[in-house]
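**Student:** If it helps, the file is called target-v3.cif and holds mmCIF, C-alpha atoms:
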```cif
data_my_file
#
loop_
_atom_site.label_atom_id
_atom_site.label_comp_id
_atom_site.auth_asym_id
_atom_site.auth_seq_id
_atom_site.Cartn_x
_atom_site.Cartn_y
_atom_site.Cartn_z
CA MET A 1 14.60 -18.48 -17.37
CA THR A 2 17.41 -16.13 -18.25
CA GLU A 3 18.47 -13.13 -16.23
CA ILE A 4 15.64 -10.67 -15.61
CA SER A 5 16.30 -7.42 -17.37
CA PHE A 6 14.13 -4.34 -17.59
CA ALA A 7 15.03 -0.89 -18.87
CA PRO A 8 16.66 1.39 -16.28
CA ARG A 9 14.49 4.08 -14.70
CA GLY A 10 14.96 7.20 -16.82
CA SER A 11 13.60 10.72 -16.53
CA LYS A 12 10.09 11.33 -15.27
CA ALA A 13 8.94 11.94 -18.86
CA GLU A 14 10.58 8.75 -20.09
CA ILE A 15 9.00 6.68 -17.32
CA GLU A 16 5.55 8.21 -17.55
CA GLU A 17 5.12 8.61 -21.27
CA GLY A 18 7.96 6.72 -22.95
CA GLU A 19 7.98 3.33 -24.60
CA ARG A 20 10.32 1.45 -22.27
CA LEU A 21 9.26 -0.87 -19.47
CA SER A 22 11.13 0.28 -16.38
CA PRO A 23 9.03 -0.97 -13.47
CA LYS A 24 9.31 0.55 -10.02
CA PHE A 25 9.46 -2.05 -7.27
CA ASP A 26 8.92 -0.91 -3.69
CA ALA A 27 11.22 -1.43 -0.71
CA ASP A 28 10.08 -5.06 -0.57
CA GLY A 29 10.79 -5.54 -4.27
CA LEU A 30 7.11 -5.59 -5.21
CA LEU A 31 4.65 -3.73 -7.39
CA THR A 32 0.85 -3.80 -7.34
CA ALA A 33 -0.99 -6.10 -9.74
CA VAL A 34 -4.69 -5.60 -10.45
CA THR A 35 -6.34 -8.50 -12.23
CA VAL A 36 -9.55 -7.97 -14.18
CA ASP A 37 -11.77 -10.14 -16.33
CA ALA A 38 -10.75 -9.42 -19.93
CA ASP A 39 -14.32 -9.69 -21.17
CA ASP A 40 -16.48 -7.78 -18.68
CA GLY A 41 -13.85 -5.79 -16.77
CA THR A 42 -14.76 -7.11 -13.31
CA VAL A 43 -11.90 -6.55 -10.88
CA LEU A 44 -11.06 -10.06 -9.74
CA MET A 45 -8.19 -9.52 -7.30
CA VAL A 46 -5.31 -7.31 -6.23
CA ALA A 47 -1.97 -8.96 -5.59
CA HIS A 48 1.74 -8.24 -5.91
CA MET A 49 4.59 -9.14 -8.23
CA ASN A 50 8.34 -9.17 -7.80
CA ALA A 51 10.64 -8.91 -10.81
CA GLN A 52 10.59 -12.66 -11.38
CA ALA A 53 6.78 -12.85 -11.29
CA LEU A 54 6.48 -9.94 -13.69
CA ALA A 55 9.04 -11.41 -16.09
CA LEU A 56 7.40 -14.85 -16.03
CA THR A 57 3.98 -13.32 -16.62
CA ILE A 58 5.31 -11.44 -19.64
CA GLU A 59 7.19 -14.44 -21.01
CA THR A 60 4.50 -17.09 -20.51
CA GLY A 61 1.29 -15.06 -20.76
CA VAL A 62 0.10 -16.78 -17.58
CA ALA A 63 -0.33 -14.80 -14.36
CA HIS A 64 2.42 -15.19 -11.77
CA TYR A 65 2.49 -13.26 -8.51
CA PHE A 66 4.62 -13.05 -5.41
CA SER A 67 2.78 -14.36 -2.37
CA ARG A 68 3.64 -12.15 0.58
CA SER A 69 2.21 -14.64 3.08
CA ARG A 70 4.23 -17.52 1.66
CA GLY A 71 7.25 -15.43 0.75
CA ARG A 72 7.64 -17.05 -2.64
CA LEU A 73 6.69 -16.97 -6.31
CA TRP A 74 3.06 -17.95 -6.81
CA LYS A 75 1.73 -19.18 -10.11
CA LYS A 76 -1.97 -18.49 -9.70
CA GLY A 77 -3.84 -21.77 -9.99
CA GLU A 78 -0.88 -23.97 -9.13
CA GLU A 79 -3.07 -25.67 -6.48
CA SER A 80 -6.59 -25.01 -7.69
CA GLY A 81 -5.98 -25.35 -11.42
CA HIS A 82 -7.57 -21.94 -11.84
CA LEU A 83 -4.88 -20.48 -14.09
CA GLN A 84 -5.19 -16.96 -15.48
CA GLN A 85 -4.39 -16.57 -19.18
CA LEU A 86 -3.43 -13.03 -20.08
CA VAL A 87 -5.15 -11.18 -22.88
CA GLU A 88 -3.31 -7.95 -22.12
CA LEU A 89 -0.87 -6.53 -19.59
CA ARG A 90 -1.00 -2.79 -18.95
CA VAL A 91 1.39 -0.59 -16.99
CA ASP A 92 0.57 2.72 -15.35
CA CYS A 93 2.20 6.11 -15.72
CA ASP A 94 4.78 5.81 -12.96
CA GLN A 95 5.19 2.08 -13.60
CA ASP A 96 4.60 0.87 -10.07
CA ALA A 97 1.37 -0.93 -10.92
CA VAL A 98 0.13 -3.23 -13.65
CA VAL A 99 -3.29 -4.38 -14.82
CA LEU A 100 -3.70 -7.96 -16.00
CA ARG A 101 -6.64 -8.53 -18.32
CA VAL A 102 -7.21 -12.28 -18.02
CA ARG A 103 -9.45 -15.17 -18.87
CA MET A 104 -9.98 -17.99 -16.39
CA PRO A 105 -11.31 -21.48 -17.16
CA PRO A 106 -15.05 -21.74 -16.52
CA LEU A 107 -15.96 -23.87 -13.52
CA GLY A 108 -18.81 -25.50 -15.41
CA PRO A 109 -21.44 -24.78 -18.03
CA GLY A 110 -22.53 -21.19 -17.48
CA VAL A 111 -20.28 -20.85 -14.41
CA PRO A 112 -17.39 -18.44 -14.85
CA GLY A 113 -13.96 -18.97 -13.39
CA ALA A 114 -13.35 -17.80 -9.84
CA ALA A 115 -10.27 -15.93 -8.64
CA CYS A 116 -10.80 -15.70 -4.88
CA HIS A 117 -9.66 -18.40 -2.47
CA THR A 118 -13.02 -18.02 -0.68
CA GLY A 119 -14.72 -19.47 -3.75
CA HIS A 120 -16.16 -16.17 -4.94
CA ARG A 121 -15.54 -15.08 -8.51
CA SER A 122 -13.93 -11.85 -7.30
CA CYS A 123 -12.18 -11.03 -4.04
CA PHE A 124 -14.24 -7.83 -4.08
CA PHE A 125 -17.57 -9.49 -3.33
CA ARG A 126 -18.61 -7.06 -0.58
CA SER A 127 -19.63 -3.42 -0.88
CA VAL A 128 -19.43 -0.61 1.64
CA PRO A 129 -22.53 1.56 2.17
CA LEU A 130 -21.86 5.20 1.30
CA GLY A 131 -23.19 8.50 2.63
CA ALA A 132 -22.42 8.33 6.34
CA ALA A 133 -19.22 8.28 8.34
CA PRO A 134 -18.08 4.69 8.96
CA THR A 135 -18.72 3.12 12.36
CA PRO A 136 -17.81 -0.30 13.77
CA GLU A 137 -21.45 -1.28 13.16
CA LEU A 138 -21.34 -0.49 9.43
CA THR A 139 -22.71 -3.50 7.54
CA LEU A 140 -21.14 -4.67 4.29
CA ALA A 141 -23.42 -5.89 1.52
CA VAL A 142 -22.63 -8.95 -0.59
CA ASN A 143 -22.63 -8.01 -4.27
CA ASP A 144 -22.55 -11.45 -5.90
CA ASP A 145 -24.55 -14.70 -5.78
CA GLY A 146 -22.18 -16.47 -3.42
CA PRO A 147 -19.16 -18.76 -3.79
CA LEU A 148 -18.75 -20.68 -7.04
CA PHE A 149 -16.61 -23.46 -5.58
CA ASP A 150 -15.96 -25.08 -2.23
CA PRO A 151 -12.48 -24.04 -1.04
CA ALA A 152 -12.16 -27.13 1.16
CA LYS A 153 -12.59 -29.37 -1.87
CA VAL A 154 -10.40 -27.34 -4.22
CA TYR A 155 -7.54 -26.78 -1.82
CA GLY A 156 -7.99 -30.10 0.00
CA LEU A 157 -8.01 -28.49 3.41
CA THR A 158 -10.39 -28.73 6.32
CA LYS A 159 -9.09 -25.47 7.72
CA LYS A 160 -8.52 -22.47 5.50
CA THR A 161 -5.60 -21.05 7.38
CA ASP A 162 -3.09 -22.28 4.80
CA THR A 163 -4.89 -21.22 1.63
CA PRO A 164 -3.08 -18.85 -0.69
CA ARG A 165 -3.08 -15.26 0.44
CA PHE A 166 -2.11 -12.07 -1.27
CA MET B 167 -15.28 14.99 10.70
CA THR B 168 -15.68 12.94 13.81
CA GLU B 169 -13.24 10.34 15.04
CA ILE B 170 -12.51 7.62 12.48
CA SER B 171 -13.78 4.30 13.66
CA PHE B 172 -13.77 0.96 11.88
CA ALA B 173 -14.54 -2.47 13.29
CA PRO B 174 -11.58 -4.21 14.96
CA ARG B 175 -9.82 -6.94 12.98
CA GLY B 176 -11.49 -10.22 14.01
CA SER B 177 -10.85 -13.82 13.03
CA LYS B 178 -9.78 -14.72 9.53
CA ALA B 179 -13.32 -15.88 8.75
CA GLU B 180 -14.83 -12.67 10.11
CA ILE B 181 -12.46 -10.51 8.08
CA GLU B 182 -12.74 -12.48 4.86
CA GLU B 183 -16.40 -13.35 4.79
CA GLY B 184 -18.10 -11.33 7.53
CA GLU B 185 -20.17 -8.18 7.30
CA ARG B 186 -17.93 -5.77 9.19
CA LEU B 187 -15.52 -3.28 7.63
CA SER B 188 -12.19 -3.81 9.35
CA PRO B 189 -9.61 -2.52 6.89
CA LYS B 190 -5.99 -3.59 7.07
CA PHE B 191 -3.60 -0.68 6.67
CA ASP B 192 0.05 -1.46 5.97
CA ALA B 193 3.11 -0.32 7.92
CA ASP B 194 2.70 3.14 6.37
CA GLY B 195 -0.98 3.28 7.32
CA LEU B 196 -2.17 2.74 3.75
CA LEU B 197 -4.26 0.37 1.72
CA THR B 198 -4.48 -0.04 -2.06
CA ALA B 199 -7.28 1.70 -3.95
CA VAL B 200 -8.17 0.67 -7.49
CA THR B 201 -10.41 3.11 -9.33
CA VAL B 202 -12.50 1.95 -12.26
CA ASP B 203 -15.05 3.56 -14.52
CA ALA B 204 -18.45 2.55 -13.14
CA ASP B 205 -19.95 2.22 -16.60
CA ASP B 206 -17.41 0.35 -18.71
CA GLY B 207 -15.07 -1.06 -16.06
CA THR B 208 -11.88 0.55 -17.40
CA VAL B 209 -9.22 0.64 -14.70
CA LEU B 210 -8.47 4.34 -14.38
CA MET B 211 -5.79 4.46 -11.69
CA VAL B 212 -4.26 2.77 -8.67
CA ALA B 213 -3.60 4.89 -5.60
CA HIS B 214 -3.56 4.61 -1.81
CA MET B 215 -5.79 5.57 1.10
CA ASN B 216 -5.10 6.13 4.74
CA ALA B 217 -7.88 5.81 7.32
CA GLN B 218 -8.92 9.44 6.88
CA ALA B 219 -9.12 9.15 3.09
CA LEU B 220 -11.16 5.97 3.34
CA ALA B 221 -13.53 7.45 5.90
CA LEU B 222 -14.01 10.65 3.86
CA THR B 223 -14.65 8.64 0.71
CA ILE B 224 -17.31 6.60 2.51
CA GLU B 225 -18.91 9.64 4.14
CA THR B 226 -18.94 11.96 1.12
CA GLY B 227 -19.16 9.53 -1.81
CA VAL B 228 -16.31 11.45 -3.45
CA ALA B 229 -12.90 9.81 -3.91
CA HIS B 230 -10.20 10.84 -1.46
CA TYR B 231 -6.73 9.34 -1.44
CA PHE B 232 -3.48 9.76 0.43
CA SER B 233 -0.76 11.19 -1.79
CA ARG B 234 2.49 9.46 -0.93
CA SER B 235 4.55 12.03 -2.85
CA ARG B 236 2.92 14.95 -1.06
CA GLY B 237 2.49 13.16 2.23
CA ARG B 238 -1.05 14.41 2.71
CA LEU B 239 -4.74 13.79 2.11
CA TRP B 240 -5.59 14.22 -1.56
CA LYS B 241 -9.11 14.90 -2.74
CA LYS B 242 -8.87 13.78 -6.36
CA GLY B 243 -9.71 16.75 -8.58
CA GLU B 244 -8.91 19.39 -5.98
CA GLU B 245 -6.67 21.11 -8.56
CA SER B 246 -8.02 19.87 -11.87
CA GLY B 247 -11.71 19.85 -10.99
CA HIS B 248 -11.82 16.23 -12.13
CA LEU B 249 -13.68 14.87 -9.11
CA GLN B 250 -14.62 11.21 -8.89
CA GLN B 251 -18.18 10.49 -7.73
CA LEU B 252 -18.55 7.01 -6.31
CA VAL B 253 -21.21 4.64 -7.55
CA GLU B 254 -19.92 1.78 -5.41
CA LEU B 255 -17.06 0.99 -3.05
CA ARG B 256 -15.96 -2.63 -2.80
CA VAL B 257 -13.58 -4.27 -0.35
CA ASP B 258 -11.59 -7.44 -0.89
CA CYS B 259 -11.42 -10.62 1.15
CA ASP B 260 -8.55 -9.67 3.43
CA GLN B 261 -9.63 -6.02 3.47
CA ASP B 262 -6.33 -4.49 2.43
CA ALA B 263 -7.63 -3.23 -0.92
CA VAL B 264 -10.71 -1.43 -2.17
CA VAL B 265 -12.24 -0.86 -5.59
CA LEU B 266 -13.90 2.47 -6.31
CA ARG B 267 -16.46 2.38 -9.10
CA VAL B 268 -16.68 6.04 -10.12
CA ARG B 269 -18.05 8.50 -12.61
CA MET B 270 -15.97 11.51 -13.67
CA PRO B 271 -17.27 14.68 -15.33
CA PRO B 272 -16.92 14.56 -19.12
CA LEU B 273 -14.29 16.90 -20.52
CA GLY B 274 -16.57 17.90 -23.37
CA PRO B 275 -19.25 16.55 -25.68
CA GLY B 276 -18.33 12.96 -26.37
CA VAL B 277 -15.10 13.27 -24.38
CA PRO B 278 -15.01 11.21 -21.20
CA GLY B 279 -13.41 12.32 -17.98
CA ALA B 280 -9.70 11.65 -17.54
CA ALA B 281 -8.08 10.35 -14.38
CA CYS B 282 -4.36 10.50 -15.19
CA HIS B 283 -2.25 13.58 -14.58
CA THR B 284 -0.65 12.98 -18.02
CA GLY B 285 -3.99 13.85 -19.61
CA HIS B 286 -4.85 10.28 -20.54
CA ARG B 287 -8.20 8.86 -19.51
CA SER B 288 -6.49 6.03 -17.63
CA CYS B 289 -3.04 5.82 -16.08
CA PHE B 290 -2.82 2.39 -17.74
CA PHE B 291 -2.51 3.71 -21.30
CA ARG B 292 0.44 1.51 -22.27
CA SER B 293 0.53 -2.25 -22.83
CA VAL B 294 3.39 -4.70 -22.51
CA PRO B 295 3.98 -7.17 -25.37
CA LEU B 296 3.62 -10.79 -24.21
CA GLY B 297 5.25 -14.04 -25.26
CA ALA B 298 8.96 -13.33 -24.82
CA ALA B 299 11.17 -12.64 -21.83
CA PRO B 300 11.40 -8.89 -21.18
CA THR B 301 14.53 -7.04 -22.27
CA PRO B 302 15.55 -3.39 -21.90
CA GLU B 303 14.57 -2.95 -25.57
CA LEU B 304 11.00 -4.14 -25.05
CA THR B 305 8.65 -1.57 -26.59
CA LEU B 306 5.40 -0.60 -24.90
CA ALA B 307 2.33 -0.01 -27.07
CA VAL B 308 -0.07 2.86 -26.47
CA ASN B 309 -3.60 1.49 -26.06
CA ASP B 310 -5.64 4.69 -26.24
CA ASP B 311 -6.08 7.66 -28.59
CA GLY B 312 -3.80 9.98 -26.64
CA PRO B 313 -4.25 12.58 -23.91
CA LEU B 314 -7.69 14.14 -23.46
CA PHE B 315 -6.45 17.31 -21.79
CA ASP B 316 -3.29 19.39 -21.62
CA PRO B 317 -1.75 18.95 -18.16
CA ALA B 318 0.05 22.29 -18.39
CA LYS B 319 -3.26 24.08 -18.82
CA VAL B 320 -5.18 22.09 -16.23
CA TYR B 321 -2.55 22.20 -13.53
CA GLY B 322 -1.24 25.63 -14.52
CA LEU B 323 2.36 24.52 -14.61
CA THR B 324 5.04 24.84 -17.21
CA LYS B 325 6.96 21.95 -15.69
CA LYS B 326 5.22 18.78 -14.62
CA THR B 327 7.46 17.97 -11.72
CA ASP B 328 4.93 19.16 -9.18
CA THR B 329 1.80 17.53 -10.56
CA PRO B 330 -0.05 15.14 -8.31
CA ARG B 331 1.49 11.72 -8.01
CA PHE B 332 0.26 8.51 -6.56
#
```
Starting from the file, lay out its structure as structure tokens.
**Tutor:**
Amino acid sequence: MTEISFAPRGSKAEIEEGERLSPKFDADGLLTAVTVDADDGTVLMVAHMNAQALALTIETGVAHYFSRSRGRLWKKGEESGHLQQLVELRVDCDQDAVVLRVRMPPLGPGVPGAACHTGHRSCFFRSVPLGAAPTPELTLAVNDDGPLFDPAKVYGLTKKTDTPRF
Amino acid sequence: MTEISFAPRGSKAEIEEGERLSPKFDADGLLTAVTVDADDGTVLMVAHMNAQALALTIETGVAHYFSRSRGRLWKKGEESGHLQQLVELRVDCDQDAVVLRVRMPPLGPGVPGAACHTGHRSCFFRSVPLGAAPTPELTLAVNDDGPLFDPAKVYGLTKKTDTPRF
């Protein structure tokens, strides 16, 4: 790909309400990427992008991230085949976060795609009980019907310590 | 409130698939919070929480964040009145991000609540065109019908330089 080139950061008004893309990367060169199902809005995962990942995502329409654990560009699905095709890419007011509205290939008839390396459709498959101060004994509730694929088979690993992380 | 107490970080399997809440705060003591409309799934905003903000959100069922620009706890709506009532709080596999499914008070008959300090319903009111490498001339598209409130009236400011930031 050619040199990565975004608009320079302008005034607060230009950044927040203008029509130029001038992303704000943090001290590590990253911004926050929230990936949601384009059809039902389910939040699938939260990850990060560096400038290269953002540019590749825009150019190809396929989600690319920066894996902090691996320290390198990460095309989602490069191992699992579970690519994310973008329907829309949104940027927030201060341009330090993006939302990817994506479609993923179904895992089978009536089985949606899954974004989490645990095999769950969404990384956010547990819910926190509300209404009381948290304690170490607080018990999370599972909010889905369980994993949709077997990570050991998809990633070809007997241990999960090397699976992709965010 | 009493002392903030979460479960200690355990093994990878315990963190990723167990039933304990053991959040992972970054070097600045923060995790990522994604706030979505509980009814239609629209991503409203991305912000951050420290341990106190997370604990208060869990205890009260009302969204609290940590404002990085102000360097302090931020009860969303403390100025604008636009509180966010939680329907559900979800945590991701590695427990460094949460999703808040919220309801906000409508701004009027048929006018939904708005989460962005610009007056837009969502901070993600602009979309990035896909299919070509980004350039400084890339033009963002507005994906909503415009602001739902006047920030100057709601925040009582003539300049917007002091409005809440994320």
**Student:** Quick one: distance from atom CA of Thr60 of chain A to atom CA of Ile15 of chain A in Å, one decimal?
**Tutor:**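 Calculated distance between atom CA of Thr60 of chain A and atom CA of Ile15 of chain A is 24.4 Å.
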**Student:** What does the distance from atom CA of Ala219 of chain B to atom CA of Gly131 of chain A come to in Å, to one decimal?
**Tutor:**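 These two atoms are separated by 14.1 Å.
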**Student:** Name the residues captured by the PyMOL selection byres ((chain A) within 6 of (chain B)) when it is applied to the shown file; answer as a PyMOL selection string.
**Tutor:** chain A and resi 5-7+19-20+41+58-61+89-93+123-124+126-128+130-133+135-136+139-140
**Student:** Evaluate the PyMOL selection byres ((chain A and resi 105) around 9) and record the selected residues as a JSON list (two decimals) with C-alpha atoms, in the coordinates of the input, following the chain and residue labels used in the document.
**Tutor:**
```json
[["chain", "number", "residue", "atom", "x", "y", "z"],
["A", 81, "GLY", "CA", -5.98, -25.35, -11.42],
["A", 82, "HIS", "CA", -7.57, -21.94, -11.84],
["A", 83, "LEU", "CA", -4.88, -20.48, -14.09],
["A", 84, "GLN", "CA", -5.19, -16.96, -15.48],
["A", 85, "GLN", "CA", -4.39, -16.57, -19.18],
["A", 103, "ARG", "CA", -9.45, -15.17, -18.87],
["A", 104, "MET", "CA", -9.98, -17.99, -16.39],
["A", 106, "PRO", "CA", -15.05, -21.74, -16.52],
["A", 107, "LEU", "CA", -15.96, -23.87, -13.52],
["A", 108, "GLY", "CA", -18.81, -25.50, -15.41],
["A", 112, "PRO", "CA", -17.39, -18.44, -14.85],
["A", 113, "GLY", "CA", -13.96, -18.97, -13.39],
["A", 114, "ALA", "CA", -13.35, -17.80, -9.84]]
```
**Student:** Could you work out how far atom CA of Asp194 of chain B lies from atom CA of Arg287 of chain B, giving the answer in Å with one decimal?
**Tutor:**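 Taking atom CA of Arg287 of chain B as the start and atom CA of Asp194 of chain B as the end point, the length is 28.7 Å.
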**Student:** Which residues are near Asn216 of chain B? Cut-off 9 Å, only C-alpha atoms, ignore same chain within fewer than 4 positions. Put them as a PyMOL selection string.
**Tutor:** chain B and resi 191+194-197+220-221+231-232+239
**Student:** Would you kindly translate the PyMOL selection byres ((chain A and resi 74) around 10) into the concrete residues it picks from this file, as a PyMOL selection string?
**Tutor:** chain A and resi 48-49+53+63-68+70-73+75-79+164-166
**Student:** Would you pull segment 224-239 of chain B out of the block just shown and save N, CA, C and O atoms as a PDB file, in the first residue's frame?
**Tutor:**
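Listing of result.pdb after writing:
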```pdb
ATOM      1  N   ILE B 224     -21.958  -0.230  38.720  1.00  0.00           N
ATOM      2  CA  ILE B 224     -22.546  -1.510  39.146  1.00  0.00           C
ATOM      3  C   ILE B 224     -23.508  -1.287  40.320  1.00  0.00           C
ATOM      4  O   ILE B 224     -24.627  -1.806  40.341  1.00  0.00           O
ATOM      5  N   GLU B 225     -23.087  -0.497  41.276  1.00  0.00           N
ATOM      6  CA  GLU B 225     -23.888  -0.321  42.500  1.00  0.00           C
ATOM      7  C   GLU B 225     -25.172   0.466  42.238  1.00  0.00           C
ATOM      8  O   GLU B 225     -26.239   0.118  42.752  1.00  0.00           O
ATOM      9  N   THR B 226     -25.066   1.525  41.413  1.00  0.00           N
ATOM     10  CA  THR B 226     -26.212   2.422  41.242  1.00  0.00           C
ATOM     11  C   THR B 226     -27.041   2.116  39.995  1.00  0.00           C
ATOM     12  O   THR B 226     -28.195   2.565  39.895  1.00  0.00           O
ATOM     13  N   GLY B 227     -26.466   1.399  39.032  1.00  0.00           N
ATOM     14  CA  GLY B 227     -27.176   1.181  37.768  1.00  0.00           C
ATOM     15  C   GLY B 227     -27.248   2.420  36.906  1.00  0.00           C
ATOM     16  O   GLY B 227     -28.009   2.464  35.938  1.00  0.00           O
ATOM     17  N   VAL B 228     -26.461   3.426  37.233  1.00  0.00           N
ATOM     18  CA  VAL B 228     -26.378   4.657  36.439  1.00  0.00           C
ATOM     19  C   VAL B 228     -24.930   4.800  35.969  1.00  0.00           C
ATOM     20  O   VAL B 228     -23.992   4.592  36.747  1.00  0.00           O
ATOM     21  N   ALA B 229     -24.757   5.169  34.688  1.00  0.00           N
ATOM     22  CA  ALA B 229     -23.415   5.186  34.103  1.00  0.00           C
ATOM     23  C   ALA B 229     -22.521   6.250  34.730  1.00  0.00           C
ATOM     24  O   ALA B 229     -22.870   7.434  34.778  1.00  0.00           O
ATOM     25  N   HIS B 230     -21.372   5.808  35.192  1.00  0.00           N
ATOM     26  CA  HIS B 230     -20.298   6.680  35.655  1.00  0.00           C
ATOM     27  C   HIS B 230     -19.052   6.365  34.843  1.00  0.00           C
ATOM     28  O   HIS B 230     -18.772   5.205  34.553  1.00  0.00           O
ATOM     29  N   TYR B 231     -18.305   7.391  34.506  1.00  0.00           N
ATOM     30  CA  TYR B 231     -17.070   7.212  33.753  1.00  0.00           C
ATOM     31  C   TYR B 231     -15.953   7.956  34.478  1.00  0.00           C
ATOM     32  O   TYR B 231     -16.173   8.636  35.490  1.00  0.00           O
ATOM     33  N   PHE B 232     -14.738   7.810  33.911  1.00  0.00           N
ATOM     34  CA  PHE B 232     -13.639   8.654  34.358  1.00  0.00           C
ATOM     35  C   PHE B 232     -13.298   9.570  33.198  1.00  0.00           C
ATOM     36  O   PHE B 232     -12.970   9.111  32.103  1.00  0.00           O
ATOM     37  N   SER B 233     -13.412  10.875  33.408  1.00  0.00           N
ATOM     38  CA  SER B 233     -13.091  11.836  32.362  1.00  0.00           C
ATOM     39  C   SER B 233     -11.588  12.051  32.322  1.00  0.00           C
ATOM     40  O   SER B 233     -10.996  12.582  33.268  1.00  0.00           O
ATOM     41  N   ARG B 234     -10.976  11.651  31.211  1.00  0.00           N
ATOM     42  CA  ARG B 234      -9.530  11.834  31.091  1.00  0.00           C
ATOM     43  C   ARG B 234      -9.174  13.309  30.970  1.00  0.00           C
ATOM     44  O   ARG B 234      -8.147  13.743  31.474  1.00  0.00           O
ATOM     45  N   SER B 235     -10.030  14.097  30.304  1.00  0.00           N
ATOM     46  CA  SER B 235      -9.699  15.521  30.131  1.00  0.00           C
ATOM     47  C   SER B 235      -9.825  16.285  31.448  1.00  0.00           C
ATOM     48  O   SER B 235      -9.065  17.217  31.717  1.00  0.00           O
ATOM     49  N   ARG B 236     -10.767  15.867  32.278  1.00  0.00           N
ATOM     50  CA  ARG B 236     -10.944  16.543  33.561  1.00  0.00           C
ATOM     51  C   ARG B 236     -10.166  15.875  34.694  1.00  0.00           C
ATOM     52  O   ARG B 236     -10.024  16.457  35.761  1.00  0.00           O
ATOM     53  N   GLY B 237      -9.754  14.645  34.446  1.00  0.00           N
ATOM     54  CA  GLY B 237      -9.004  13.921  35.458  1.00  0.00           C
ATOM     55  C   GLY B 237      -9.813  13.600  36.696  1.00  0.00           C
ATOM     56  O   GLY B 237      -9.301  13.579  37.817  1.00  0.00           O
ATOM     57  N   ARG B 238     -11.105  13.315  36.486  1.00  0.00           N
ATOM     58  CA  ARG B 238     -11.938  13.011  37.658  1.00  0.00           C
ATOM     59  C   ARG B 238     -13.129  12.140  37.273  1.00  0.00           C
ATOM     60  O   ARG B 238     -13.453  11.990  36.095  1.00  0.00           O
ATOM     61  N   LEU B 239     -13.762  11.579  38.300  1.00  0.00           N
ATOM     62  CA  LEU B 239     -14.991  10.811  38.114  1.00  0.00           C
ATOM     63  C   LEU B 239     -16.013  11.673  37.398  1.00  0.00           C
ATOM     64  O   LEU B 239     -16.139  12.876  37.682  1.00  0.00           O
TER      65      LEU B 239
END
```
